[in-house]
file run-v4.txt (compact mmCIF, C-alpha atoms)
# COMPACT_ATOMS: atom_id res chain seq x y z
CA MET A 1475 0.00 0.00 0.00
CA ARG A 1476 1.25 3.44 -0.89
CA ALA A 1477 1.96 5.93 1.86
CA SER A 1478 0.01 9.11 1.33
CA THR A 1479 1.85 12.33 0.73
CA GLU A 1480 1.27 15.34 2.93
CA GLY A 1481 0.68 18.90 1.88
CA GLY A 1482 3.27 21.47 2.88
CA TRP A 1483 2.35 25.04 3.65
CA VAL A 1484 2.56 28.00 1.29
CA ALA A 1485 2.65 31.56 2.62
CA PRO A 1486 -0.76 33.21 2.08
CA ALA A 1487 0.68 36.06 0.00
CA LEU A 1488 2.32 33.57 -2.35
CA ARG A 1489 -0.77 31.39 -2.48
CA GLU A 1490 -2.83 34.37 -3.61
CA GLU A 1491 -0.21 35.56 -6.08
CA PHE A 1492 0.60 32.14 -7.55
CA PRO A 1493 -2.52 29.98 -7.59
CA GLY A 1494 -1.47 26.37 -7.98
CA LEU A 1495 1.80 26.75 -6.09
CA ALA A 1496 1.97 23.88 -3.60
CA LEU A 1497 4.31 21.50 -1.88
CA ARG A 1498 3.70 17.75 -1.44
CA HIS A 1499 6.08 15.85 0.77
CA LEU A 1500 6.69 12.38 2.11
CA THR A 1501 9.20 11.10 4.63
CA VAL A 1502 11.02 8.00 3.43
CA GLU A 1503 13.74 5.78 4.79
CA ALA A 1504 16.89 7.00 3.09
CA THR A 1505 19.45 4.53 1.86
CA PHE A 1506 22.37 6.54 0.67
CA GLY A 1507 24.54 3.70 -0.59
CA ARG A 1508 25.11 2.60 -4.12
CA SER A 1509 22.03 1.73 -6.13
CA PRO A 1510 21.22 -1.96 -6.53
CA ARG A 1511 21.42 -3.51 -9.96
CA ASP A 1512 17.68 -3.19 -10.72
CA VAL A 1513 17.73 0.57 -10.07
CA ARG A 1514 20.84 0.99 -12.22
CA ASP A 1515 19.16 -1.08 -14.94
CA ARG A 1516 16.09 1.09 -14.72
CA LEU A 1517 18.24 4.19 -15.04
CA ALA A 1518 19.95 2.68 -18.08
CA GLN A 1519 16.60 1.86 -19.67
CA LEU A 1520 15.47 5.41 -19.00
CA SER A 1521 18.64 6.68 -20.69
CA ASN A 1522 17.87 4.58 -23.76
CA ARG A 1523 14.27 5.75 -23.86
CA PHE A 1524 15.13 9.39 -23.38
CA SER A 1525 17.01 10.73 -26.38
CA GLY A 1526 17.39 13.95 -28.35
CA PRO A 1527 13.84 14.20 -29.73
CA GLN A 1528 12.36 13.79 -26.24
CA ALA A 1529 14.71 16.48 -24.91
CA ILE A 1530 13.79 18.89 -27.72
CA ASN A 1531 10.08 18.25 -27.23
CA LEU A 1532 10.17 18.78 -23.46
CA ARG A 1533 9.10 22.40 -23.55
CA GLN A 1534 5.99 21.49 -25.52
CA GLN A 1535 4.82 19.08 -22.84
CA ALA A 1536 2.38 20.44 -20.30
CA ILE A 1537 4.32 19.86 -17.08
CA PRO A 1538 7.82 20.95 -18.20
CA TRP A 1539 6.17 23.96 -19.87
CA ALA A 1540 4.39 24.84 -16.62
CA TYR A 1541 7.76 24.97 -14.83
CA ARG A 1542 9.28 27.10 -17.58
CA VAL A 1543 6.40 29.55 -17.26
CA PHE A 1544 6.73 29.64 -13.48
CA PHE A 1545 10.46 30.29 -13.82
CA ARG A 1546 9.64 33.30 -15.99
CA HIS A 1547 7.08 34.48 -13.43
CA ILE A 1548 9.62 34.47 -10.63
CA GLY A 1549 12.43 36.17 -12.53
CA LEU A 1550 14.44 33.14 -13.64
CA ASP A 1551 15.36 32.39 -17.23
CA PRO A 1552 14.88 28.65 -17.84
CA ASP A 1553 17.40 28.85 -20.68
CA GLU A 1554 20.07 30.07 -18.23
CA GLN A 1555 18.99 28.10 -15.17
CA PRO A 1556 17.19 25.03 -16.54
CA THR A 1557 14.13 23.60 -14.84
CA PRO A 1558 14.84 20.33 -12.96
CA VAL A 1559 13.67 18.04 -15.75
CA GLU A 1560 15.51 20.06 -18.41
CA ALA A 1561 18.68 20.04 -16.31
CA LEU A 1562 18.52 16.24 -16.24
CA ALA A 1563 17.80 16.14 -19.98
CA LEU A 1564 20.86 18.30 -20.62
CA GLU A 1565 22.94 16.00 -18.45
CA ARG A 1566 21.63 13.01 -20.40
CA MET A 1567 22.65 14.66 -23.68
CA LYS A 1568 26.10 15.63 -22.39
CA HIS A 1569 27.03 12.34 -20.74
CA GLY A 1570 25.14 9.97 -23.01
CA GLY A 1571 23.12 8.62 -20.11
CA PHE A 1572 21.90 9.24 -16.61
CA PRO A 1573 24.89 8.43 -14.40
CA SER A 1574 24.17 6.44 -11.25
CA ARG A 1575 25.23 8.31 -8.09
CA SER A 1576 23.43 6.96 -5.07
CA ARG A 1577 20.15 5.22 -4.47
CA LEU A 1578 18.36 8.40 -3.43
CA ASP A 1579 19.82 10.51 -6.25
CA ASP A 1580 18.91 7.81 -8.75
CA ALA A 1581 15.38 7.60 -7.35
CA LEU A 1582 15.01 11.38 -7.73
CA THR A 1583 16.35 11.24 -11.30
CA ILE A 1584 13.93 8.47 -12.27
CA ALA A 1585 10.99 10.28 -10.71
CA VAL A 1586 11.80 13.68 -12.23
CA ILE A 1587 12.27 12.24 -15.72
CA GLU A 1588 9.20 10.00 -15.52
CA SER A 1589 6.90 12.68 -14.14
CA GLY A 1590 8.46 16.01 -15.11
CA VAL A 1591 7.80 17.27 -11.56
CA ALA A 1592 10.45 19.21 -9.62
CA LEU A 1593 11.63 17.26 -6.58
CA ARG A 1594 13.89 18.08 -3.65
CA ALA A 1595 15.10 16.00 -0.75
CA PHE A 1596 16.09 17.09 2.76
CA ASP A 1597 17.36 15.30 5.82
CA ALA A 1598 14.22 14.75 7.88
CA ASP A 1599 16.13 14.96 11.16
CA CYS A 1600 17.48 18.39 10.21
CA LEU A 1601 14.09 19.96 9.55
CA ALA A 1602 12.31 21.66 12.43
CA GLY A 1603 8.84 20.79 11.16
CA THR A 1604 6.67 20.69 8.09
CA PRO A 1605 8.36 22.22 5.05
CA GLY A 1606 6.74 24.99 3.07
CA ILE A 1607 7.30 27.83 0.63
CA ARG A 1608 7.60 31.47 1.60
CA ALA A 1609 9.45 34.67 0.80
CA THR A 1610 12.39 35.67 2.96
CA ASP A 1611 12.22 38.50 5.45
CA PRO A 1612 14.91 41.21 5.54
CA GLY A 1613 18.10 39.95 7.17
CA GLU A 1614 17.50 36.26 6.51
CA GLY A 1615 20.17 34.15 4.90
CA LEU A 1616 20.81 30.63 3.79
CA GLU A 1617 23.14 28.54 5.95
CA GLY A 1618 26.47 27.96 4.29
CA ARG A 1619 26.04 30.91 1.99
CA PRO A 1620 27.73 34.21 2.78
CA GLY A 1621 25.61 37.30 3.24
CA GLU A 1622 21.92 37.80 3.42
CA LEU A 1623 19.37 36.81 0.84
CA PRO A 1624 17.55 39.72 -0.79
CA ALA A 1625 14.26 40.24 1.02
CA GLY A 1626 11.44 38.53 -0.84
CA THR A 1627 13.53 35.66 -2.17
CA LEU A 1628 11.37 32.57 -2.57
CA VAL A 1629 12.63 29.74 -0.42
CA LEU A 1630 11.73 26.33 0.86
CA ALA A 1631 11.63 26.64 4.62
CA ASP A 1632 10.79 24.80 7.78
CA PRO A 1633 8.98 26.73 10.53
CA GLU A 1634 12.29 28.14 11.78
CA ARG A 1635 14.51 28.97 8.80
CA PRO A 1636 14.99 28.75 5.04
CA VAL A 1637 16.35 25.34 4.06
CA GLY A 1638 16.87 26.00 0.38
CA LEU A 1639 16.20 28.35 -2.47
CA LEU A 1640 13.14 27.49 -4.49
CA PHE A 1641 14.73 25.68 -7.47
CA GLY A 1642 18.20 26.47 -6.17
CA ALA A 1643 20.85 25.73 -3.58
CA THR A 1644 20.14 23.79 -0.40
CA ALA A 1645 21.18 25.20 2.97
CA GLU A 1646 24.29 23.62 4.41
CA GLY A 1647 23.51 20.64 6.62
CA ARG A 1648 19.84 20.43 5.54
CA GLY A 1649 20.35 18.28 2.48
CA VAL A 1650 20.67 14.53 2.31
CA HIS A 1651 24.09 13.18 3.17
CA ARG A 1652 25.72 9.84 3.97
CA ARG A 1653 24.45 9.72 7.53
CA THR A 1654 20.88 10.57 6.64
CA ARG A 1655 18.44 7.98 7.98
CA ARG A 1656 15.17 9.54 6.86
CA ALA A 1657 14.68 11.94 3.99
CA VAL A 1658 11.82 14.30 3.27
CA VAL A 1659 11.07 14.19 -0.45
CA CYS A 1660 9.28 17.34 -1.60
CA ALA A 1661 7.47 17.89 -4.89
CA ILE A 1662 7.20 21.56 -5.84
CA GLN A 1663 3.92 21.94 -7.65
CA VAL A 1664 3.18 24.98 -9.80
CA ASN A 1665 0.15 26.11 -11.73
CA GLY A 1666 -0.49 23.58 -14.50
CA VAL A 1667 0.96 20.60 -12.67
CA PRO A 1668 -1.87 18.27 -11.62
CA ASP A 1669 -2.02 16.94 -8.05
CA ILE A 1670 -1.81 13.39 -9.32
CA ALA A 1671 1.49 14.10 -11.09
CA ALA A 1672 3.06 15.60 -7.96
CA GLU A 1673 1.91 12.69 -5.81
CA GLU A 1674 3.03 10.16 -8.39
CA ALA A 1675 6.48 11.74 -8.46
CA VAL A 1676 6.88 11.45 -4.69
CA TRP A 1677 5.58 7.85 -4.70
CA LEU A 1678 8.01 6.97 -7.47
CA VAL A 1679 10.91 8.03 -5.26
CA ALA A 1680 9.54 6.05 -2.33
CA GLU A 1681 8.98 2.94 -4.45
CA VAL A 1682 12.45 3.05 -5.97
CA LEU A 1683 13.91 3.38 -2.49
CA ARG A 1684 11.84 0.46 -1.24
CA GLY A 1685 12.73 -1.63 -4.25
CA VAL A 1686 9.18 -1.88 -5.61
CA ASP A 1687 8.74 -1.99 -9.41
CA MET B 310 -27.52 41.64 -48.33
CA PRO B 311 -25.92 44.16 -50.73
CA GLU B 312 -24.05 46.88 -49.00
CA SER B 313 -26.15 49.58 -50.67
CA VAL B 314 -29.28 48.20 -49.03
CA ILE B 315 -27.87 48.32 -45.54
CA GLN B 316 -29.36 51.21 -43.72
CA ARG B 317 -26.64 53.14 -42.09
CA ARG B 318 -27.84 54.52 -38.84
CA PRO B 319 -25.77 56.88 -36.84
CA VAL B 320 -24.48 55.10 -33.77
CA SER B 321 -24.55 57.24 -30.73
CA PRO B 322 -21.97 56.33 -28.10
CA ALA B 323 -23.33 55.07 -24.81
CA PRO B 324 -23.32 57.74 -22.19
CA PHE B 325 -20.26 57.57 -19.95
CA ARG B 326 -20.89 56.62 -16.39
CA ALA B 327 -18.09 56.64 -13.89
CA GLY B 328 -19.28 53.35 -12.42
CA ASP B 329 -18.63 51.50 -15.71
CA VAL B 330 -14.90 51.87 -15.43
CA ARG B 331 -13.12 49.78 -12.87
CA VAL B 332 -9.44 50.21 -12.28
CA ALA B 333 -7.73 46.84 -12.19
CA THR B 334 -5.95 46.03 -8.98
CA GLY B 335 -2.23 45.39 -8.94
CA ARG B 336 -2.85 41.68 -8.49
CA GLU B 337 -5.16 41.56 -11.51
CA VAL B 338 -2.58 43.37 -13.63
CA ARG B 339 0.12 40.96 -12.52
CA ALA B 340 -2.16 37.98 -13.22
CA GLU B 341 -2.84 39.31 -16.72
CA LEU B 342 0.87 39.86 -17.35
CA ARG B 343 1.59 36.32 -16.16
CA ARG B 344 -1.05 35.00 -18.55
CA GLN B 345 0.62 36.89 -21.41
CA ILE B 346 4.03 35.54 -20.40
CA ALA B 347 2.65 31.99 -20.38
CA SER B 348 1.19 32.48 -23.84
CA LEU B 349 4.45 33.90 -25.22
CA GLU B 350 6.43 31.08 -23.62
CA ALA B 351 4.16 28.53 -25.31
CA ARG B 352 4.70 30.21 -28.70
CA LEU B 353 8.44 30.40 -28.12
CA GLY B 354 8.46 26.70 -27.17
CA ARG B 355 6.64 25.74 -30.38
CA LEU B 356 9.07 27.85 -32.40
CA PHE B 357 12.04 26.25 -30.63
CA VAL B 358 10.82 22.78 -31.57
CA SER B 359 10.08 23.75 -35.16
CA ALA B 360 13.50 25.40 -35.44
CA PHE B 361 15.31 22.15 -34.68
CA PRO B 362 17.95 21.23 -35.96
CA ARG B 363 18.93 24.78 -36.87
CA GLU B 364 21.58 26.21 -34.61
CA GLY B 365 22.75 29.68 -33.71
CA ILE B 366 19.35 31.17 -32.85
CA GLU B 367 19.26 33.09 -29.59
CA TRP B 368 16.52 31.90 -27.24
CA ARG B 369 17.63 33.40 -23.93
CA VAL B 370 15.70 36.29 -22.50
CA GLY B 371 17.68 36.99 -19.36
CA ALA B 372 16.88 36.57 -15.71
CA LEU B 373 15.70 39.29 -13.32
CA GLY B 374 17.49 37.99 -10.25
CA GLY B 375 14.91 35.57 -8.91
CA PRO B 376 13.46 33.53 -7.45
CA ARG B 377 11.16 36.22 -6.12
CA MET B 378 7.79 37.81 -6.67
CA LEU B 379 8.08 40.28 -9.55
CA ASP B 380 6.23 43.58 -9.58
CA VAL B 381 4.23 44.90 -12.52
CA GLU B 382 7.16 46.72 -14.08
CA GLU B 383 9.39 43.65 -13.92
CA LEU B 384 6.69 41.39 -15.33
CA GLU B 385 6.27 43.87 -18.17
CA ARG B 386 10.00 43.66 -18.83
CA VAL B 387 9.83 39.86 -18.96
CA ARG B 388 6.83 39.99 -21.29
CA ASP B 389 8.42 42.56 -23.59
CA ALA B 390 11.71 40.64 -23.68
CA LEU B 391 9.84 37.44 -24.57
CA ALA B 392 7.86 39.23 -27.29
CA PHE B 393 11.07 40.70 -28.69
CA ARG B 394 12.83 37.33 -28.61
CA LEU B 395 9.86 35.69 -30.31
CA ARG B 396 9.84 38.31 -33.07
CA GLU B 397 13.59 37.99 -33.58
CA ALA B 398 13.46 34.20 -33.72
CA GLU B 399 10.52 34.24 -36.14
CA ALA B 400 12.35 36.68 -38.41
CA GLU B 401 15.54 34.61 -38.30
CA LEU B 402 13.63 31.42 -39.06
CA ALA B 403 11.82 33.12 -41.95
CA ARG B 404 15.17 34.31 -43.33
CA ARG B 405 16.68 30.85 -43.04
CA GLY B 406 13.51 29.30 -44.45
CA ALA B 407 13.87 31.42 -47.60
CA VAL B 408 17.51 30.35 -47.99
CA GLU B 409 16.59 26.70 -47.43
CA GLU B 410 13.78 26.94 -49.97
CA ALA B 411 16.24 28.36 -52.51
CA ASN B 412 18.64 25.54 -51.67
CA ARG B 413 15.90 22.96 -52.21
CA GLY B 414 15.23 24.50 -55.62
CA LEU B 415 18.94 24.36 -56.41
CA LEU B 416 19.05 20.72 -55.31
CA GLU B 417 16.25 19.85 -57.72
CA GLU B 418 18.18 21.57 -60.52
CA ILE B 419 21.36 19.72 -59.58
CA ILE B 420 19.55 16.39 -59.65
CA THR B 421 17.92 17.24 -63.00
CA ALA B 422 21.08 18.56 -64.68
CA PRO B 423 24.22 17.86 -62.64
CA GLU B 424 26.50 18.94 -65.49
CA GLN B 425 25.19 22.49 -65.14
CA HIS B 426 26.16 22.64 -61.47
CA PRO B 427 29.58 21.01 -61.33
CA TRP B 428 31.11 20.24 -57.93
CA ILE B 429 28.26 21.78 -55.96
CA ARG B 430 27.38 20.01 -52.77
CA VAL B 431 24.12 20.44 -50.85
CA SER B 432 23.81 19.07 -47.34
CA ASN B 433 20.80 18.34 -45.19
CA GLU B 434 21.70 21.33 -43.07
CA ASP B 435 21.42 23.57 -46.14
CA ILE B 436 17.82 22.52 -46.64
CA GLY B 437 16.93 22.60 -42.94
CA GLU B 438 16.83 18.85 -42.37
CA PRO B 439 18.52 16.86 -39.59
CA GLY B 440 21.30 14.42 -40.43
CA CYS B 441 24.58 14.52 -42.33
CA ARG B 442 23.42 13.42 -45.78
CA HIS B 443 24.59 15.47 -48.76
CA TRP B 444 24.20 15.53 -52.51
CA HIS B 445 27.33 16.16 -54.54
CA SER B 446 27.54 16.87 -58.27
CA ARG B 447 30.67 14.99 -59.47
CA PRO B 448 32.02 13.64 -62.76
CA ARG B 449 31.74 9.93 -63.44
CA TRP B 450 35.20 8.31 -63.84
CA GLY B 451 37.10 11.32 -62.58
CA LEU B 452 39.05 13.39 -65.08
CA LEU B 453 37.70 11.48 -68.09
CA GLY B 454 34.11 12.14 -67.07
CA MET B 455 34.94 15.77 -66.40
CA ILE B 456 36.36 16.21 -69.91
CA LEU B 457 33.50 14.32 -71.57
CA GLY B 458 30.81 15.98 -69.45
CA TRP B 459 29.59 12.82 -67.70
CA TRP B 460 28.27 14.28 -64.50
CA ARG B 461 26.14 12.65 -61.85
CA VAL B 462 24.83 13.38 -58.35
CA LYS B 463 26.37 11.29 -55.65
CA LEU B 464 24.27 10.88 -52.52
CA SER B 465 26.16 10.29 -49.30
CA SER B 466 25.05 7.48 -47.06
CA GLY B 467 24.30 9.77 -44.13
CA CYS B 468 25.87 10.14 -40.74
CA PRO B 469 28.83 7.93 -39.87
CA LEU B 470 28.12 4.95 -37.67
CA ALA B 471 28.94 5.13 -33.99
CA TRP B 472 32.67 5.17 -33.38
CA GLY B 473 34.30 1.98 -32.23
CA ARG B 474 36.43 1.61 -29.15
CA GLY B 475 39.52 2.72 -31.03
CA GLY B 476 37.77 5.68 -32.57
CA GLY B 477 39.19 8.92 -31.36
CA ALA B 478 38.84 12.44 -32.55
CA ALA B 479 40.59 11.55 -35.80
CA SER B 480 37.86 9.13 -36.81
CA ARG B 481 35.03 11.49 -36.01
CA PRO B 482 33.15 13.05 -38.91
CA ASN B 483 34.37 16.35 -40.10
CA GLN B 484 31.33 18.50 -39.61
CA SER B 485 32.69 21.33 -41.68
CA SER B 486 33.01 19.08 -44.72
CA CYS B 487 29.28 18.38 -44.53
CA ARG B 488 28.34 22.01 -44.83
CA ALA B 489 28.11 23.67 -48.17
CA ARG B 490 27.24 27.26 -47.68
CA LEU B 491 25.27 27.70 -50.85
CA ALA B 492 23.61 30.81 -49.64
CA GLU B 493 26.84 32.69 -49.32
call {"tool": "encode", "arguments": {"input": "run-v4.txt", "output": "structure tokens"}}
result
Amino acid sequence: MRASTEGGWVAPALREEFPGLALRHLTVEATFGRSPRDVRDRLAQLSNRFSGPQAINLRQQAIPWAYRVFFRHIGLDPDEQPTPVEALALERMKHGGFPSRSRLDDALTIAVIESGVALRAFDADCLAGTPGIRATDPGEGLEGRPGELPAGTLVLADPERPVGLLFGATAEGRGVHRRTRRAVVCAIQVNGVPDIAAEEAVWLVAEVLRGVD
Amino acid sequence: MPESVIQRRPVSPAPFRAGDVRVATGREVRAELRRQIASLEARLGRLFVSAFPREGIEWRVGALGGPRMLDVEELERVRDALAFRLREAEAELARRGAVEEANRGLLEEIITAPEQHPWIRVSNEDIGEPGCRHWHSRPRWGLLGMILGWWRVKLSSGCPLAWGRGGGAASRPNQSSCRARLAE
């Protein structure tokens, strides 16, 4: 039976400004070691299935297009800073395949490519509560990054502090590392991305980690 | 109904009432600008796909230092930059399309009468197609064919096969040799 994902919070001002912006998350047992053969095989099959034409056509597909549009809306240029699925597509084109890194990274790669949904993972034990999306207040910064973030920067945050830029760097010590026991997998949902796609993406990660086909 | 039969009645404008005009709120303006940006992005995406495999077209618009909530002025800048980029890309594609159409016409002439277009080579890139295939007008039997006017069109077999384990840079296809710049 599939574990159900939970909804993260979105600051009211952002919810009103960006209808459809949401966060789905699920806590999973993290296994940071090398991927087993079946996951590596799945990654290889995905590499074979995903070639140039698919990469070119990405921006005509509804979900990748929705992320491109949202990037434009928040002042990012998706041709300079690619959306998560396009970043993986570029990597596939450059390296000739999706390289296997670790079980969790591979699970995220499989889920992002299969669903098109943007995913992030954090160390569950390093979060102070339910994750959400908000804009930074003046004087706030991101751990491990010098200086303050400009006020109004969109971040993923727990109730106490920002834990990562929305579609950007993760705060030092909040990401998944070798000693991570439990990871919080977050799907960042934007306008145009159906609920079912976001949930499916998170489940995909959980199933790959559990070794379910 | 013929136009002459239509009774032209003077149309009096509706009386202006202050209550009819509603000033859009900042949020509504931003929502409308975001809708326009989404529409332009969709058009740019379609153009990007149709432009493949052509290279050298600029698609970047530039970032505004996000991720953050943009105000009306910044959203207008994004929209205008997207509209400009779309216009530029459409114009560039139209220009290249005209060149490729001319090259296709030339290719037909070469195939019909290769002796009238000696040594001319047309590649897939010249006609806007993917792949490395090219058509080359060459004399049959080398010098003898050249003297006697026995010309033919030789069609290349396409892109080279994947390189073997020993294949290094030296065995890779010479891209420049595949490109005949007929338009120049």
call {"tool": "interface_residues", "arguments": {"input": "run-v4.txt", "of": "chain B", "to": "chain A", "cutoff": "12 Å", "atoms": "only C-alpha atoms", "output": "ChimeraX atom specification"}}
result
/B:335-362,367-388,390-391,439
call {"tool": "residues_around", "arguments": {"input": "run-v4.txt", "residues": "Val431 (chain B)", "least_positions_apart": "4", "cutoff": "7 Å", "atoms": "all atoms listed in the file", "output": "PyMOL selection string"}}
result
chain B and resi 416+435+443-445+489
call {"tool": "write_last_selection", "arguments": {"input": "run-v4.txt", "atoms": "C-alpha atoms", "output": "mmCIF file, in the frame of the given file"}}
result
data_model
loop_
_atom_site.group_PDB
_atom_site.id
_atom_site.type_symbol
_atom_site.label_atom_id
_atom_site.label_comp_id
_atom_site.auth_asym_id
_atom_site.auth_seq_id
_atom_site.Cartn_x
_atom_site.Cartn_y
_atom_site.Cartn_z
ATOM 1 C CA LEU B 416 19.050 20.720 -55.310
ATOM 2 C CA ASP B 435 21.420 23.570 -46.140
ATOM 3 C CA HIS B 443 24.590 15.470 -48.760
ATOM 4 C CA TRP B 444 24.200 15.530 -52.510
ATOM 5 C CA HIS B 445 27.330 16.160 -54.540
ATOM 6 C CA ALA B 489 28.110 23.670 -48.170
#
call {"tool": "atom_distance", "arguments": {"input": "run-v4.txt", "atom1": "CA of Arg1523 (chain A)", "atom2": "CA of Ala1563 (chain A)"}}
result
11.6 Å
call {"tool": "closest_atom_pairs", "arguments": {"input": "run-v4.txt", "of": "region 1546-1614 of chain A", "to": "region 1659-1670 of chain A", "cutoff": "12 Å", "atoms": "all atoms listed in the file", "output": "Markdown table"}}
result
| residue | atom | partner | partner_atom | distance |
| --- | --- | --- | --- | --- |
| A:His1547 | CA | A:Val1664 | CA | 10.9 |
| A:Ile1548 | CA | A:Val1664 | CA | 11.5 |
| A:Thr1557 | CA | A:Ile1662 | CA | 11.5 |
| A:Pro1558 | CA | A:Ile1662 | CA | 10.5 |
| A:Leu1578 | CA | A:Val1659 | CA | 9.8 |
| A:Asp1579 | CA | A:Val1659 | CA | 11.1 |
| A:Ala1581 | CA | A:Val1659 | CA | 10.5 |
| A:Leu1582 | CA | A:Val1659 | CA | 8.7 |
| A:Ala1585 | CA | A:Ala1661 | CA | 10.2 |
| A:Val1586 | CA | A:Ala1661 | CA | 9.5 |
| A:Ser1589 | CA | A:Ile1670 | CA | 10.0 |
| A:Gly1590 | CA | A:Val1667 | CA | 9.1 |
| A:Val1591 | CA | A:Ala1661 | CA | 6.7 |
| A:Ala1592 | CA | A:Ile1662 | CA | 5.5 |
| A:Leu1593 | CA | A:Ala1661 | CA | 4.5 |
| A:Arg1594 | CA | A:Cys1660 | CA | 5.1 |
| A:Ala1595 | CA | A:Val1659 | CA | 4.4 |
| A:Phe1596 | CA | A:Val1659 | CA | 6.6 |
| A:Asp1597 | CA | A:Val1659 | CA | 9.0 |
| A:Ala1598 | CA | A:Val1659 | CA | 8.9 |
| A:Leu1601 | CA | A:Val1659 | CA | 11.9 |
| A:Thr1604 | CA | A:Cys1660 | CA | 10.6 |
| A:Pro1605 | CA | A:Cys1660 | CA | 8.3 |
| A:Gly1606 | CA | A:Cys1660 | CA | 9.3 |
| A:Ile1607 | CA | A:Ile1662 | CA | 9.0 |
call {"tool": "residues_around", "arguments": {"input": "run-v4.txt", "residues": "Gly1507 (chain A)", "least_positions_apart": "2", "cutoff": "9 Å", "atoms": "all atoms listed in the file", "output": "list in words"}}
result
Thr1505, Ser1509, Pro1510, Arg1575, Ser1576, Arg1577, Leu1578 and Arg1652 of chain A
call {"tool": "residues_around", "arguments": {"input": "run-v4.txt", "residues": "Ala407 (chain B)", "least_positions_apart": "4", "cutoff": "12 Å", "atoms": "all atoms listed in the file", "output": "PDB file with C-alpha atoms, keeping the file's coordinate frame"}}
result
ATOM      1  CA  ALA B 400      12.350  36.680 -38.410  1.00  0.00           C
ATOM      2  CA  GLU B 401      15.540  34.610 -38.300  1.00  0.00           C
ATOM      3  CA  LEU B 402      13.630  31.420 -39.060  1.00  0.00           C
ATOM      4  CA  ALA B 403      11.820  33.120 -41.950  1.00  0.00           C
ATOM      5  CA  ALA B 411      16.240  28.360 -52.510  1.00  0.00           C
ATOM      6  CA  ASN B 412      18.640  25.540 -51.670  1.00  0.00           C
ATOM      7  CA  ARG B 413      15.900  22.960 -52.210  1.00  0.00           C
ATOM      8  CA  GLY B 414      15.230  24.500 -55.620  1.00  0.00           C
ATOM      9  CA  ASP B 435      21.420  23.570 -46.140  1.00  0.00           C
ATOM     10  CA  ILE B 436      17.820  22.520 -46.640  1.00  0.00           C
ATOM     11  CA  GLY B 437      16.930  22.600 -42.940  1.00  0.00           C
ATOM     12  CA  ALA B 492      23.610  30.810 -49.640  1.00  0.00           C
TER      13      ALA B 492
END
call {"tool": "closest_residue", "arguments": {"input": "run-v4.txt", "among": "A:Val1658, A:Ala1631, A:Val1637, A:Cys1600", "to": "Arg1619 (chain A)", "atoms": "only C-alpha atoms"}}
result
A:Val1637
